[in-house]
Structure formats: C-alpha cells, structure tokens
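A quick write-up on the structure given underneath.
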Amino acid sequence: MINTGFLHIIDILGTFSFAVSGAFFAMEKKLDPFGVIIISFATAIGGGTLRDVLIGNLPAGWLQNATAINTICIAAIGSMIFGSWLKKFNHTLFLFDALGLGLFTIVGIDIAIAQNFSIGVCIALGTITGSFGGVLRDVLLNQVPLVFRKEFYAMASVIGGLVYFLFDYIRVNDDLSKIICILLIFVTRLLSVKYKLGLPAFYTTQKTP
Amino acid sequence: MINTGFLHIIDILGTFSFAVSGAFFAMEKKLDPFGVIIISFATAIGGGTLRDVLIGNLPAGWLQNATAINTICIAAIGSMIFGSWLKKFNHTLFLFDALGLGLFTIVGIDIAIAQNFSIGVCIALGTITGSFGGVLRDVLLNQVPLVFRKEFYAMASVIGGLVYFLFDYIRVNDDLSKIICILLIFVTRLLSVKYKLGLPAFYTTQKTP
Amino acid sequence: MINTGFLHIIDILGTFSFAVSGAFFAMEKKLDPFGVIIISFATAIGGGTLRDVLIGNLPAGWLQNATAINTICIAAIGSMIFGSWLKKFNHTLFLFDALGLGLFTIVGIDIAIAQNFSIGVCIALGTITGSFGGVLRDVLLNQVPLVFRKEFYAMASVIGGLVYFLFDYIRVNDDLSKIICILLIFVTRLLSVKYKLGLPAFYTTQKTP
C-alpha cells in the first residue's frame, strides 16, 4: 500500500521544484528578489489555486498550508543565493518537477472525484493542477506559455489521468493505481523530453512573409 | 414567447463559435493541438467562469455542463482537422460569434439580476460574460486584448444591457425583451464591423517618435 | 482614535488614484475609451478581488460597493476628458496612490486576520490587496508587471505589514498602529521613489549578447 510519508515527501519535493523552476525563470528575466519570490509562489501554487477557485474549494489550499509556504520561500531564496550551484542539479530538479507533475495531477483528480465531477472534468482539473502554475508563471513573465509549445507536458497529465480511470474501471487497487499513474506521468514526461517528443503544430494560416 | 429550444441552440452555436474562434487564433500562433484545445476552452468558457467566480457561483458552470464541454472539444478538434475548409464559413462563424455575444450577455445579466446586484453591476457582469473569453484568449496568447482596440465589441454588450433594463422599466414583455436585446447586440456588432465603427482612442501622451 | 470618516476618504482617494493610474497607462497604450474604463477598473479593484477570491469572500466586494464603482467611473472618464490637465497633478496623484497602497494593505491584512490566517499569509494577502491591481493592469496591457521591476512597491506593503504585527505583539493601540503602518508604507514608497531605491536584481544566467 502507498506510504503517505512517501507521498508527503514527493509533494514537498514537487512544490520545491516548481518553486525553483519559477525562481530560475524570474531570474533569467532579471526581476528583483521580490519578483522572484512572487513568480516562485505563482508557479508552485498556481495550479492548485485555480482548481480550488473553479470548484469553489475556498479559501485556496495553500493559504492554510504552512509547509508549502515555507518550502516555497526556502526554494526561492535558496535559488537566489545558490543559483549557480543549483544549476549543477538541473537534472535532479527536472526529475522533481516531473514527479511533482505526476503527483499534483493525481491529487487534483482525487479532489475532483470527491466532488463527483465527470471523468473528463476530473482529468481536466488534474491537468490544471499540474500545469497551470507554469502557465501563470509565463503569463506574468509576458511570454506565450511554454506548455502550449513544448514537449508533452500537459499531455502527460492527460495520459496519466486516463490510465487512472481505466485502472479504476478494471478495479486495480487504488494505492497501486496512484503509484503507477504518478510514475507513468513521470516517465512520459521524461521520455518526451529525451526524445523531443511533441505534438505537431497545425498550420492553417498562410505564413507571414 | 421565447422558445427555450431556440435559446439552447443559440447557446450551443455561441459556445461552438467562441471555441472555433479560439482554435483559429491558437493555430495562427502555431500552438500544438493541446494548446489549441486549451485556448478553445478558455475562449468559450472564460467569460462565464469569471462571472461565476466573481459572484461566488461555484463550482463554475461549465464543470457541470457536459454539452458545453463536448461542443468545445468538437469545435477545437474540428477546427484543426477541417481548418482550411472551415475558413470558407468565416462569415457564418462570425454570425455565430455575434449571436453568442448577444446571448451570453443577456444570460450573464439575468444571472446577475437573480442575485440582486445593481443595474451597473448587472450590465458589467453581462459584458464580462460576453467578452472576457476573448480577453483571456489574448492574454494567454500574449497580445493586448483585441476587445480593447477593436470595433464596438464589449460596447455592443453594454448597449444591449442598457436597453434590456430600459425595456424592464417600461414593462416590455420579458421574453420579447430578451429576443430584441440579443438581436440588438448582434446587429450592433455586425454594423460596427461593417462600418469599421470604433470608439476613438484618446491620446494624452506625446507620440513616441 | 482613528476617524472612520478619514479612513473612508483615503479609501475613496486611493481607489480614485488607482483608477486614474490605470486610465493613464491605458491611454498611453492608445486603447479606446472602453478599454480605458476596463483597465481603470482592473487596476482599482484587482487587488481586493483576488484577495476576496482566494479567501472565498464572494461575491467580490466591489460588486456591492456603489461608491467604489462610481469613483472609478468618474476617475476613468475624468482622466480621458481632463488628461492633460490632470497631468499637472501627477505629484498629487502619486501621493494618493501611495496612500492607497498603505490603506489597501492594512485593510487586506485586517480582513485576513478576521479569518484567522497565519501572519505570513495575512501579510501576503495585504500585499496582494495593495499590489495586484497594478499587476493585472500590466498583464492586460501585455507588459511585465512593473511591480516586479521597480522600486520598493510591494516591499513597502510587506514592511508595513511586519510592523503592524510587531505593534500588535507589543500591544500598541490598534487604531494608532493602523495609522502608523499606513503612513509607514506611504513614506517607504515615497522615499523609495525619491532615492530610486530598488532591490538589486539577481543575475544567474549568462547575459544574452
């Protein structure tokens, strides 16, 4: 069965990693330290917050989650102080980020299931939980959200979510199903980056010369 | 009296048309198919969602509206597959979009009236319902919202809303009033595009050379 | 003790000033009058609205605050009509804006305290109340939010909030504490602009050539 201590650790690592990713983007845009902290927060809590707002699960979860807040502050301040040092761990951070995507997606889906939404909406809310932090980060930094352009990011969430419901349908043990789907999202994300897998973009308009 | 079947059809056509409009904008920006679907959703449900969030009408309506979700998915996927073919119907789509603007505005106002907001706030919420989807689409695609620059778009909603309250004041039959105001917004929008009617922009700053 | 009439006047002046600031930014971007009004609203009510949404205090406050709505409309329309004349009062407006920042921050903190959030969250919600209107204005106008780049803006809120809780801890009279903290934010903001005080930006990435 699933170890909640294990889940809790991944949750913190995921939050940490999303916060670090936000901080690095903000530093690249040369924001001041306060801006870095804000973008860090937005990246780490954006997805869960939008989910909470859409389903009316208010106050938003992070407002009452001191662990998350402390983790984000430490991640953001640490990124500024140890920026060049942390870059050596880029690979490790990327693993955390991918694990976080998996966990946040499944957490989001479970919260949606508890409120009896349809399967499609549950998967959408899981995907929002996993991906919207990055969208918010990009909107605040004034760039077209990466998630719309890059490798299978949100799509990994969707695949994991579909399998999660499939497993429920064929009565796989719930905890086992959670672990497998988190890992599936994780691995899908990793492979998509390794093989630069992306959805092809559609072009319907004449290219501007 | 108003035929709810008729209203329902316009609602679906409006949702469809907003979703198609979002998909086309996203394809012009060369997003991948997943991004196209997201932008499609954001355009079609953005206005109603912001209204629902502001008035605390949560969970947001679309989460429990399978028809809307299916319509948007069909519209987005169809736009990608039949992109060049659909372009021939640009005029028809524009009509749907204008009808959708009218319908969404009046739907938004009615929901606001039911919660006893002031007239100004009701019209604002109607306008938000009709227009914010396009604003969200533009923010996500990283451009200044068209609605702030272009022909009478939101203004058509405001005019329709004012007349709606005027009709209420002079005791016009409610269903008749709905139809007329939806048509008024529709026609105002059409004429504004036909005659390139826009509000003049104000310039208070020296022009940058 | 604090005079609520005095608070009310600052509240209106703060709202007015935020609305004027939004209108001027929008006119610089050459939006049409309708766009100017929208940006004016977004700037003036954005912070309080995000706070209300996050804590589930819905419908958002401004929907039921006719004074705020009228103030914003007058400010936006007035800015368009008397734009060049109002520019002479740029200094006065800046003072209102800084006062508004102070007041909105303390108002936001008080609302958060009433809901028993932790100190850090209360200060964050106060800062959001004071600053997010400007962030929303910048996102809608498609630029990186000024607050992330410029002088101590949000930081003034944070400092004022910290002192507010310090005063509570050492049992300073509540009304006195409010006045001092509003003035502290006001003065911090003024001095930071006068001496071009900003947080240093961190650079971790190689400069793009």
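Identifiers in this document derive from the order of the structure tokens: chains are assigned A, B, ..., residues are numbered from 1 separately in each chain, and ligands are numbered from 1 in order of occurrence.
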
Neighbouring residues of B:Ala98 were defined as those with any atom within 12 Å, considering only C-alpha atoms; residues of the same chain fewer than 2 positions away were excluded. Please report them as a PyMOL selection string. chain B and resi 10-11+13-18+21+91-96+100-105+130-131+152-154+156-157+182-193

With N, CA and C atoms retained, could you export that selection as a short mmCIF file (atom, residue, chain, number, x, y, z; two decimals), in the first residue's frame?
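Now in result07.cif:
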data_model
loop_
_atom_site.label_atom_id
_atom_site.label_comp_id
_atom_site.auth_asym_id
_atom_site.auth_seq_id
_atom_site.Cartn_x
_atom_site.Cartn_y
_atom_site.Cartn_z
N ILE B 10 -28.94 28.46 -29.81
CA ILE B 10 -28.05 29.61 -29.94
C ILE B 10 -26.89 29.49 -28.94
N ASP B 11 -27.21 29.01 -27.74
CA ASP B 11 -26.18 28.84 -26.73
C ASP B 11 -25.08 27.90 -27.24
N LEU B 13 -24.50 27.11 -30.39
CA LEU B 13 -23.83 27.74 -31.53
C LEU B 13 -22.84 28.80 -31.05
N GLY B 14 -23.23 29.56 -30.04
CA GLY B 14 -22.34 30.59 -29.50
C GLY B 14 -21.09 29.97 -28.90
N THR B 15 -21.28 28.93 -28.08
CA THR B 15 -20.15 28.23 -27.49
C THR B 15 -19.25 27.67 -28.58
N PHE B 16 -19.88 27.03 -29.58
CA PHE B 16 -19.15 26.45 -30.70
C PHE B 16 -18.32 27.52 -31.40
N SER B 17 -18.96 28.64 -31.64
CA SER B 17 -18.31 29.68 -32.40
C SER B 17 -17.16 30.31 -31.62
N PHE B 18 -17.36 30.56 -30.32
CA PHE B 18 -16.28 31.08 -29.50
C PHE B 18 -15.11 30.08 -29.48
N SER B 21 -13.32 30.23 -32.77
CA SER B 21 -12.53 31.46 -32.84
C SER B 21 -11.24 31.29 -32.03
N HIS B 91 -17.71 33.81 -42.53
CA HIS B 91 -18.85 34.71 -42.35
C HIS B 91 -19.88 34.10 -41.41
N THR B 92 -20.18 32.83 -41.63
CA THR B 92 -21.15 32.15 -40.78
C THR B 92 -20.66 32.13 -39.34
N LEU B 93 -19.39 31.80 -39.16
CA LEU B 93 -18.82 31.76 -37.82
C LEU B 93 -18.93 33.11 -37.14
N PHE B 94 -18.66 34.15 -37.90
CA PHE B 94 -18.75 35.49 -37.35
C PHE B 94 -20.18 35.78 -36.88
N LEU B 95 -21.15 35.30 -37.65
CA LEU B 95 -22.55 35.48 -37.24
C LEU B 95 -22.81 34.76 -35.92
N PHE B 96 -22.33 33.52 -35.81
CA PHE B 96 -22.48 32.77 -34.56
C PHE B 96 -21.84 33.53 -33.40
N GLY B 100 -23.63 34.71 -30.24
CA GLY B 100 -23.14 34.24 -28.93
C GLY B 100 -22.90 35.40 -27.99
N LEU B 101 -22.31 36.46 -28.52
CA LEU B 101 -22.07 37.65 -27.70
C LEU B 101 -23.39 38.16 -27.13
N GLY B 102 -24.40 38.23 -28.01
CA GLY B 102 -25.71 38.71 -27.54
C GLY B 102 -26.29 37.79 -26.49
N LEU B 103 -26.29 36.49 -26.77
CA LEU B 103 -26.89 35.56 -25.83
C LEU B 103 -26.16 35.53 -24.50
N PHE B 104 -24.84 35.41 -24.55
CA PHE B 104 -24.05 35.32 -23.32
C PHE B 104 -24.25 36.57 -22.46
N THR B 105 -24.33 37.71 -23.13
CA THR B 105 -24.53 38.97 -22.38
C THR B 105 -25.84 38.91 -21.61
N GLY B 130 -19.91 38.04 -21.87
CA GLY B 130 -19.79 38.03 -23.33
C GLY B 130 -18.36 38.23 -23.82
N SER B 131 -17.57 39.00 -23.10
CA SER B 131 -16.29 39.44 -23.65
C SER B 131 -15.05 38.81 -23.05
N PHE B 152 -16.54 48.26 -31.65
CA PHE B 152 -17.60 48.01 -30.67
C PHE B 152 -17.78 46.54 -30.37
N TYR B 153 -17.08 45.99 -29.42
CA TYR B 153 -17.36 44.60 -29.09
C TYR B 153 -18.09 44.59 -27.75
N ALA B 154 -17.33 44.91 -26.71
CA ALA B 154 -17.95 44.98 -25.39
C ALA B 154 -19.01 46.07 -25.37
N ALA B 156 -21.13 46.81 -27.60
CA ALA B 156 -22.40 46.25 -28.05
C ALA B 156 -23.14 45.60 -26.87
N SER B 157 -22.40 44.91 -26.01
CA SER B 157 -22.99 44.30 -24.82
C SER B 157 -23.59 45.38 -23.91
N ILE B 182 -30.92 40.60 -27.56
CA ILE B 182 -29.93 39.72 -28.18
C ILE B 182 -29.71 40.15 -29.63
N LEU B 183 -30.80 40.42 -30.32
CA LEU B 183 -30.69 40.85 -31.72
C LEU B 183 -30.00 42.21 -31.81
N LEU B 184 -30.31 43.10 -30.87
CA LEU B 184 -29.71 44.43 -30.88
C LEU B 184 -28.18 44.33 -30.76
N ILE B 185 -27.72 43.49 -29.83
CA ILE B 185 -26.27 43.30 -29.66
C ILE B 185 -25.68 42.71 -30.94
N PHE B 186 -26.40 41.71 -31.47
CA PHE B 186 -25.99 41.05 -32.71
C PHE B 186 -25.84 42.07 -33.85
N VAL B 187 -26.86 42.89 -34.04
CA VAL B 187 -26.86 43.85 -35.14
C VAL B 187 -25.82 44.95 -34.90
N THR B 188 -25.73 45.42 -33.66
CA THR B 188 -24.74 46.45 -33.34
C THR B 188 -23.34 45.96 -33.68
N ARG B 189 -23.09 44.72 -33.29
CA ARG B 189 -21.78 44.12 -33.57
C ARG B 189 -21.53 44.02 -35.08
N LEU B 190 -22.55 43.56 -35.80
CA LEU B 190 -22.42 43.42 -37.25
C LEU B 190 -22.15 44.76 -37.92
N LEU B 191 -22.97 45.74 -37.55
CA LEU B 191 -22.83 47.05 -38.19
C LEU B 191 -21.49 47.68 -37.86
N SER B 192 -21.04 47.47 -36.60
CA SER B 192 -19.77 48.09 -36.21
C SER B 192 -18.62 47.52 -37.03
N VAL B 193 -18.71 46.22 -37.36
CA VAL B 193 -17.66 45.63 -38.18
C VAL B 193 -17.81 46.08 -39.62
#

Got a sec: who's within 10 Å of B:Pro145, counting only C-alpha atoms, leaving out chain neighbours fewer than 4 positions off, as a PyMOL selection string? (chain B and resi 132+134-141+149-150) or (chain C and resi 31+35+140-142)

If you run DSSP over the backbone, which residues in chain C end up helix (DSSP H, G or I)? Put them as a ChimeraX atom specification. /C:4-28,33-55,61-64,66-81,83-114,119-140,146-148,154-169,174-194

Neighbours of chain C in chain A at 10 Å, counting only C-alpha atoms, as a compact mmCIF listing (two decimals) with N, CA and C atoms, in the first residue's frame:
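Dumped everything to selection_29.txt:
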# COMPACT_ATOMS: atom_id res chain seq x y z
N PHE A 24 14.05 30.41 -11.19
CA PHE A 24 15.05 30.48 -12.27
C PHE A 24 14.53 31.27 -13.46
N PHE A 25 13.27 31.03 -13.84
CA PHE A 25 12.69 31.80 -14.94
C PHE A 25 12.71 33.29 -14.60
N ALA A 26 12.32 33.62 -13.36
CA ALA A 26 12.24 35.02 -12.95
C ALA A 26 13.62 35.66 -12.95
N MET A 27 14.63 34.91 -12.52
CA MET A 27 15.98 35.47 -12.50
C MET A 27 16.49 35.68 -13.92
N GLU A 28 16.12 34.78 -14.82
CA GLU A 28 16.51 34.98 -16.21
C GLU A 28 15.91 36.27 -16.78
N LYS A 29 14.70 36.60 -16.29
CA LYS A 29 14.05 37.85 -16.75
C LYS A 29 14.54 39.04 -15.93
N LYS A 30 15.50 38.79 -15.03
CA LYS A 30 16.12 39.86 -14.24
C LYS A 30 15.14 40.61 -13.34
N LEU A 31 14.19 39.89 -12.79
CA LEU A 31 13.31 40.52 -11.81
C LEU A 31 14.10 40.75 -10.53
N ASP A 32 13.58 41.65 -9.69
CA ASP A 32 14.22 41.85 -8.40
C ASP A 32 13.81 40.70 -7.47
N PRO A 33 14.49 40.56 -6.32
CA PRO A 33 14.24 39.39 -5.44
C PRO A 33 12.77 39.24 -5.07
N PHE A 34 12.08 40.35 -4.87
CA PHE A 34 10.68 40.24 -4.52
C PHE A 34 9.88 39.61 -5.66
N GLY A 35 10.19 40.07 -6.87
CA GLY A 35 9.54 39.50 -8.04
C GLY A 35 9.84 38.01 -8.17
N VAL A 36 11.07 37.63 -7.84
CA VAL A 36 11.45 36.22 -7.92
C VAL A 36 10.59 35.39 -6.95
N ILE A 37 10.40 35.92 -5.75
CA ILE A 37 9.59 35.18 -4.77
C ILE A 37 8.14 35.04 -5.26
N ILE A 38 7.60 36.13 -5.82
CA ILE A 38 6.21 36.09 -6.31
C ILE A 38 6.06 35.04 -7.42
N ILE A 39 6.99 35.07 -8.38
CA ILE A 39 6.89 34.13 -9.51
C ILE A 39 7.06 32.70 -9.01
N THR A 49 -4.41 26.42 -6.95
CA THR A 49 -5.29 27.55 -6.65
C THR A 49 -6.39 27.67 -7.69
N LEU A 50 -6.04 27.59 -8.98
CA LEU A 50 -7.08 27.68 -10.00
C LEU A 50 -8.09 26.56 -9.83
N ASP A 52 -8.87 25.02 -7.04
CA ASP A 52 -9.68 25.33 -5.86
C ASP A 52 -10.73 26.41 -6.16
N VAL A 53 -10.32 27.42 -6.93
CA VAL A 53 -11.25 28.51 -7.27
C VAL A 53 -12.37 27.97 -8.14
N GLY A 56 -14.71 25.97 -6.20
CA GLY A 56 -15.27 26.64 -5.02
C GLY A 56 -14.74 26.09 -3.72
N ASN A 57 -13.56 25.50 -3.77
CA ASN A 57 -12.93 24.91 -2.60
C ASN A 57 -12.08 25.99 -1.92
N LEU A 58 -12.77 26.98 -1.32
CA LEU A 58 -12.08 28.17 -0.81
C LEU A 58 -12.21 28.27 0.70
N PRO A 59 -11.27 28.89 1.42
CA PRO A 59 -10.05 29.52 0.93
C PRO A 59 -9.14 28.53 0.23
N ALA A 60 -8.38 29.03 -0.77
CA ALA A 60 -7.45 28.19 -1.52
C ALA A 60 -6.52 27.45 -0.57
N GLY A 61 -6.23 26.19 -0.90
CA GLY A 61 -5.47 25.32 -0.01
C GLY A 61 -4.18 25.88 0.56
N TRP A 62 -3.37 26.54 -0.26
CA TRP A 62 -2.04 26.95 0.21
C TRP A 62 -2.12 27.98 1.34
N LEU A 63 -3.25 28.71 1.42
CA LEU A 63 -3.37 29.72 2.48
C LEU A 63 -3.30 29.08 3.86
N GLN A 64 -3.66 27.79 3.92
CA GLN A 64 -3.64 27.11 5.22
C GLN A 64 -2.59 26.02 5.30
N ASN A 65 -1.63 26.09 4.36
CA ASN A 65 -0.61 25.06 4.30
C ASN A 65 0.77 25.68 4.55
N ALA A 66 1.13 25.77 5.83
CA ALA A 66 2.39 26.43 6.19
C ALA A 66 3.59 25.71 5.58
N ILE A 69 4.12 26.93 2.08
CA ILE A 69 4.62 28.31 2.06
C ILE A 69 6.10 28.36 2.44
N ASN A 70 6.47 27.65 3.50
CA ASN A 70 7.87 27.65 3.91
C ASN A 70 8.76 27.03 2.84
N SER A 79 17.30 29.69 -4.29
CA SER A 79 17.64 29.80 -5.72
C SER A 79 18.44 31.06 -5.98
N MET A 80 18.07 32.14 -5.27
CA MET A 80 18.78 33.39 -5.49
C MET A 80 20.20 33.32 -4.93
N ILE A 81 20.33 32.69 -3.76
CA ILE A 81 21.65 32.64 -3.12
C ILE A 81 22.56 31.61 -3.80
N PHE A 82 22.00 30.44 -4.05
CA PHE A 82 22.82 29.35 -4.57
C PHE A 82 22.57 29.08 -6.05
N GLY A 83 22.15 30.14 -6.76
CA GLY A 83 21.75 29.98 -8.16
C GLY A 83 22.71 29.15 -8.99
N SER A 84 23.97 29.58 -9.03
CA SER A 84 24.92 28.92 -9.93
C SER A 84 25.20 27.49 -9.45
N TRP A 85 25.17 27.32 -8.13
CA TRP A 85 25.41 26.00 -7.56
C TRP A 85 24.26 25.06 -7.90
N LYS A 87 22.35 25.11 -10.36
CA LYS A 87 22.26 24.75 -11.77
C LYS A 87 22.89 23.40 -12.06
N VAL A 139 2.57 33.78 -18.12
CA VAL A 139 1.74 34.96 -18.36
C VAL A 139 2.31 36.15 -17.59
N LEU A 140 2.70 35.94 -16.34
CA LEU A 140 3.25 37.03 -15.54
C LEU A 140 4.58 37.52 -16.11
N LEU A 141 5.33 36.61 -16.71
CA LEU A 141 6.61 37.00 -17.30
C LEU A 141 6.45 37.42 -18.76
N ASN A 142 5.20 37.52 -19.20
CA ASN A 142 4.90 38.06 -20.52
C ASN A 142 5.45 37.24 -21.67
N GLN A 143 5.24 35.93 -21.59
CA GLN A 143 5.60 35.10 -22.75
C GLN A 143 4.48 34.07 -22.98

With all Cα atoms paired residue by residue, do a least-squares superposition of chain C on chain A and hand back the transformed coordinates as a short mmCIF file (atom, residue, chain, number, x, y, z; two decimals) with C-alpha atoms, in the first residue's frame.
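Result file out35.cif:
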data_model
loop_
_atom_site.label_atom_id
_atom_site.label_comp_id
_atom_site.auth_asym_id
_atom_site.auth_seq_id
_atom_site.Cartn_x
_atom_site.Cartn_y
_atom_site.Cartn_z
CA MET C 1 -0.08 0.04 0.03
CA ILE C 2 0.96 3.61 -0.52
CA ASN C 3 3.03 5.24 2.18
CA THR C 4 1.58 8.66 2.97
CA GLY C 5 4.99 9.74 4.28
CA PHE C 6 6.34 8.96 0.82
CA LEU C 7 3.52 10.94 -0.82
CA HIS C 8 4.14 13.84 1.52
CA ILE C 9 7.83 13.90 0.65
CA ILE C 10 7.09 13.91 -3.09
CA ASP C 11 4.55 16.67 -2.52
CA ILE C 12 7.20 18.80 -0.81
CA LEU C 13 9.78 17.94 -3.44
CA GLY C 14 7.28 18.79 -6.19
CA THR C 15 6.40 22.11 -4.59
CA PHE C 16 10.10 22.83 -4.04
CA SER C 17 10.93 22.01 -7.60
CA PHE C 18 8.10 24.07 -9.11
CA ALA C 19 9.19 26.97 -6.89
CA VAL C 20 12.81 26.63 -8.00
CA SER C 21 11.74 26.46 -11.64
CA GLY C 22 9.73 29.66 -11.17
CA ALA C 23 12.66 31.37 -9.45
CA PHE C 24 15.04 30.49 -12.27
CA PHE C 25 12.69 31.79 -14.94
CA ALA C 26 12.24 35.01 -12.97
CA MET C 27 15.99 35.46 -12.51
CA GLU C 28 16.50 34.97 -16.23
CA LYS C 29 14.04 37.83 -16.76
CA LYS C 30 16.13 39.86 -14.26
CA LEU C 31 13.32 40.51 -11.83
CA ASP C 32 14.24 41.85 -8.42
CA PRO C 33 14.25 39.42 -5.45
CA PHE C 34 10.70 40.25 -4.54
CA GLY C 35 9.54 39.50 -8.07
CA VAL C 36 11.47 36.23 -7.93
CA ILE C 37 9.59 35.19 -4.79
CA ILE C 38 6.22 36.09 -6.32
CA ILE C 39 6.89 34.13 -9.52
CA SER C 40 8.13 31.25 -7.39
CA PHE C 41 4.85 31.23 -5.48
CA ALA C 42 2.75 31.62 -8.60
CA THR C 43 4.47 28.65 -10.24
CA ALA C 44 4.17 26.40 -7.20
CA ILE C 45 0.61 27.20 -6.12
CA GLY C 46 -1.00 28.42 -9.36
CA GLY C 47 -2.37 25.07 -10.46
CA GLY C 48 -3.86 24.06 -7.14
CA THR C 49 -5.27 27.53 -6.64
CA LEU C 50 -7.08 27.67 -9.99
CA ARG C 51 -8.51 24.20 -9.28
CA ASP C 52 -9.68 25.30 -5.83
CA VAL C 53 -11.25 28.48 -7.23
CA LEU C 54 -13.05 26.67 -10.07
CA ILE C 55 -14.59 24.10 -7.76
CA GLY C 56 -15.25 26.61 -4.98
CA ASN C 57 -12.91 24.89 -2.55
CA LEU C 58 -12.06 28.16 -0.77
CA PRO C 59 -10.01 29.52 0.97
CA ALA C 60 -7.44 28.18 -1.48
CA GLY C 61 -5.45 25.31 0.01
CA TRP C 62 -2.03 26.96 0.23
CA LEU C 63 -3.34 29.73 2.49
CA GLN C 64 -3.61 27.13 5.24
CA ASN C 65 -0.58 25.07 4.33
CA ALA C 66 2.43 26.43 6.20
CA THR C 67 4.68 23.64 4.94
CA ALA C 68 4.06 24.63 1.34
CA ILE C 69 4.63 28.32 2.07
CA ASN C 70 7.90 27.66 3.91
CA THR C 71 9.07 25.27 1.22
CA ILE C 72 8.45 27.88 -1.47
CA CYS C 73 10.19 30.65 0.47
CA ILE C 74 13.20 28.44 1.07
CA ALA C 75 13.25 27.38 -2.58
CA ALA C 76 13.00 30.96 -3.88
CA ILE C 77 15.56 32.46 -1.51
CA GLY C 78 17.83 29.46 -1.94
CA SER C 79 17.64 29.80 -5.72
CA MET C 80 18.78 33.40 -5.50
CA ILE C 81 21.66 32.64 -3.13
CA PHE C 82 22.83 29.36 -4.58
CA GLY C 83 21.74 29.98 -8.17
CA SER C 84 24.90 28.93 -9.94
CA TRP C 85 25.40 26.01 -7.58
CA LEU C 86 21.85 24.77 -8.02
CA LYS C 87 22.27 24.76 -11.77
CA LYS C 88 24.53 21.75 -11.41
CA PHE C 89 21.48 19.91 -10.14
CA ASN C 90 19.38 20.88 -13.12
CA HIS C 91 18.83 17.22 -13.89
CA THR C 92 17.72 16.44 -10.35
CA LEU C 93 15.39 19.43 -10.35
CA PHE C 94 13.90 18.30 -13.61
CA LEU C 95 13.21 14.91 -12.05
CA PHE C 96 11.45 16.60 -9.10
CA ASP C 97 9.45 18.74 -11.50
CA ALA C 98 8.31 15.69 -13.44
CA LEU C 99 7.49 13.84 -10.21
CA GLY C 100 5.60 16.90 -9.01
CA LEU C 101 3.63 16.98 -12.24
CA GLY C 102 2.61 13.38 -11.67
CA LEU C 103 1.69 13.85 -8.05
CA PHE C 104 -0.17 17.13 -8.47
CA THR C 105 -2.16 15.65 -11.35
CA ILE C 106 -3.31 12.65 -9.31
CA VAL C 107 -3.99 14.83 -6.25
CA GLY C 108 -6.10 17.13 -8.45
CA ILE C 109 -8.03 14.22 -9.93
CA ASP C 110 -8.75 12.77 -6.50
CA ILE C 111 -10.09 16.09 -5.23
CA ALA C 112 -12.30 16.36 -8.33
CA ILE C 113 -13.57 12.77 -7.94
CA ALA C 114 -14.53 13.54 -4.34
CA GLN C 115 -16.82 16.24 -5.73
CA ASN C 116 -18.44 13.88 -8.24
CA PHE C 117 -17.38 15.58 -11.45
CA SER C 118 -17.46 13.70 -14.74
CA ILE C 119 -14.35 11.80 -15.85
CA GLY C 120 -13.40 14.42 -18.42
CA VAL C 121 -13.70 17.23 -15.90
CA CYS C 122 -11.70 15.27 -13.32
CA ILE C 123 -8.87 14.78 -15.80
CA ALA C 124 -9.08 18.45 -16.79
CA LEU C 125 -8.86 19.52 -13.14
CA GLY C 126 -5.91 17.17 -12.59
CA THR C 127 -4.16 18.62 -15.61
CA ILE C 128 -4.89 22.17 -14.42
CA THR C 129 -3.44 21.30 -11.02
CA GLY C 130 -0.26 20.01 -12.64
CA SER C 131 0.18 22.57 -15.39
CA PHE C 132 -1.43 25.90 -14.60
CA GLY C 133 1.37 27.07 -12.30
CA GLY C 134 3.68 27.10 -15.32
CA VAL C 135 1.06 28.91 -17.40
CA LEU C 136 0.65 31.58 -14.74
CA ARG C 137 4.44 31.97 -14.48
CA ASP C 138 4.65 32.55 -18.23
CA VAL C 139 1.72 34.97 -18.35
CA LEU C 140 3.24 37.03 -15.53
CA LEU C 141 6.61 36.99 -17.31
CA ASN C 142 4.88 38.07 -20.52
CA GLN C 143 5.58 35.10 -22.76
CA VAL C 144 3.35 32.61 -24.54
CA PRO C 145 3.00 29.73 -22.06
CA LEU C 146 5.63 27.07 -22.73
CA VAL C 147 3.10 24.35 -22.08
CA PHE C 148 1.36 25.34 -25.32
CA ARG C 149 4.52 25.01 -27.36
CA LYS C 150 6.76 22.38 -25.85
CA GLU C 151 7.00 18.68 -25.34
CA PHE C 152 4.21 16.60 -23.89
CA TYR C 153 3.70 18.42 -20.63
CA ALA C 154 0.01 18.69 -20.00
CA MET C 155 -0.45 15.72 -22.30
CA ALA C 156 1.48 13.55 -19.84
CA SER C 157 -1.13 14.53 -17.23
CA VAL C 158 -3.97 13.62 -19.54
CA ILE C 159 -2.47 10.22 -20.35
CA GLY C 160 -1.86 9.50 -16.67
CA GLY C 161 -5.39 10.57 -15.84
CA LEU C 162 -6.93 8.34 -18.50
CA VAL C 163 -4.99 5.33 -17.23
CA TYR C 164 -6.02 6.21 -13.67
CA PHE C 165 -9.69 5.93 -14.64
CA LEU C 166 -9.02 2.81 -16.71
CA PHE C 167 -7.42 1.21 -13.63
CA ASP C 168 -10.41 2.21 -11.58
CA TYR C 169 -12.68 0.60 -14.18
CA ILE C 170 -10.77 -2.69 -14.14
CA ARG C 171 -10.60 -2.50 -10.34
CA VAL C 172 -6.86 -2.14 -9.81
CA ASN C 173 -6.02 -1.48 -6.16
CA ASP C 174 -6.35 2.25 -5.58
CA ASP C 175 -2.95 2.84 -3.99
CA LEU C 176 -1.18 0.75 -6.60
CA SER C 177 -3.05 2.67 -9.30
CA LYS C 178 -1.91 5.99 -7.81
CA ILE C 179 1.75 4.95 -7.78
CA ILE C 180 1.64 3.58 -11.31
CA CYS C 181 -0.08 6.66 -12.72
CA ILE C 182 2.29 9.06 -11.00
CA LEU C 183 5.20 7.09 -12.40
CA LEU C 184 3.55 6.93 -15.82
CA ILE C 185 3.24 10.71 -15.96
CA PHE C 186 6.81 11.00 -14.69
CA VAL C 187 8.18 8.62 -17.31
CA THR C 188 6.06 10.07 -20.14
CA ARG C 189 7.40 13.49 -19.31
CA LEU C 190 10.99 12.24 -19.15
CA LEU C 191 10.78 10.35 -22.42
CA SER C 192 9.08 13.24 -24.19
CA VAL C 193 11.96 15.52 -23.25
CA LYS C 194 14.61 12.91 -24.03
CA TYR C 195 13.18 12.27 -27.49
CA LYS C 196 11.95 15.83 -28.02
CA LEU C 197 8.51 14.40 -28.41
CA GLY C 198 5.89 17.01 -29.08
CA LEU C 199 2.52 17.22 -30.68
CA PRO C 200 2.81 18.54 -34.21
CA ALA C 201 1.61 22.12 -34.58
CA PHE C 202 -1.16 22.76 -37.05
CA TYR C 203 -0.79 25.49 -39.58
CA THR C 204 -3.89 26.80 -41.22
CA THR C 205 -2.79 30.28 -42.01
CA GLN C 206 -0.46 31.40 -44.70
CA LYS C 207 3.03 31.85 -43.30
CA THR C 208 3.83 35.48 -42.71
CA PRO C 209 6.77 36.25 -44.99
#
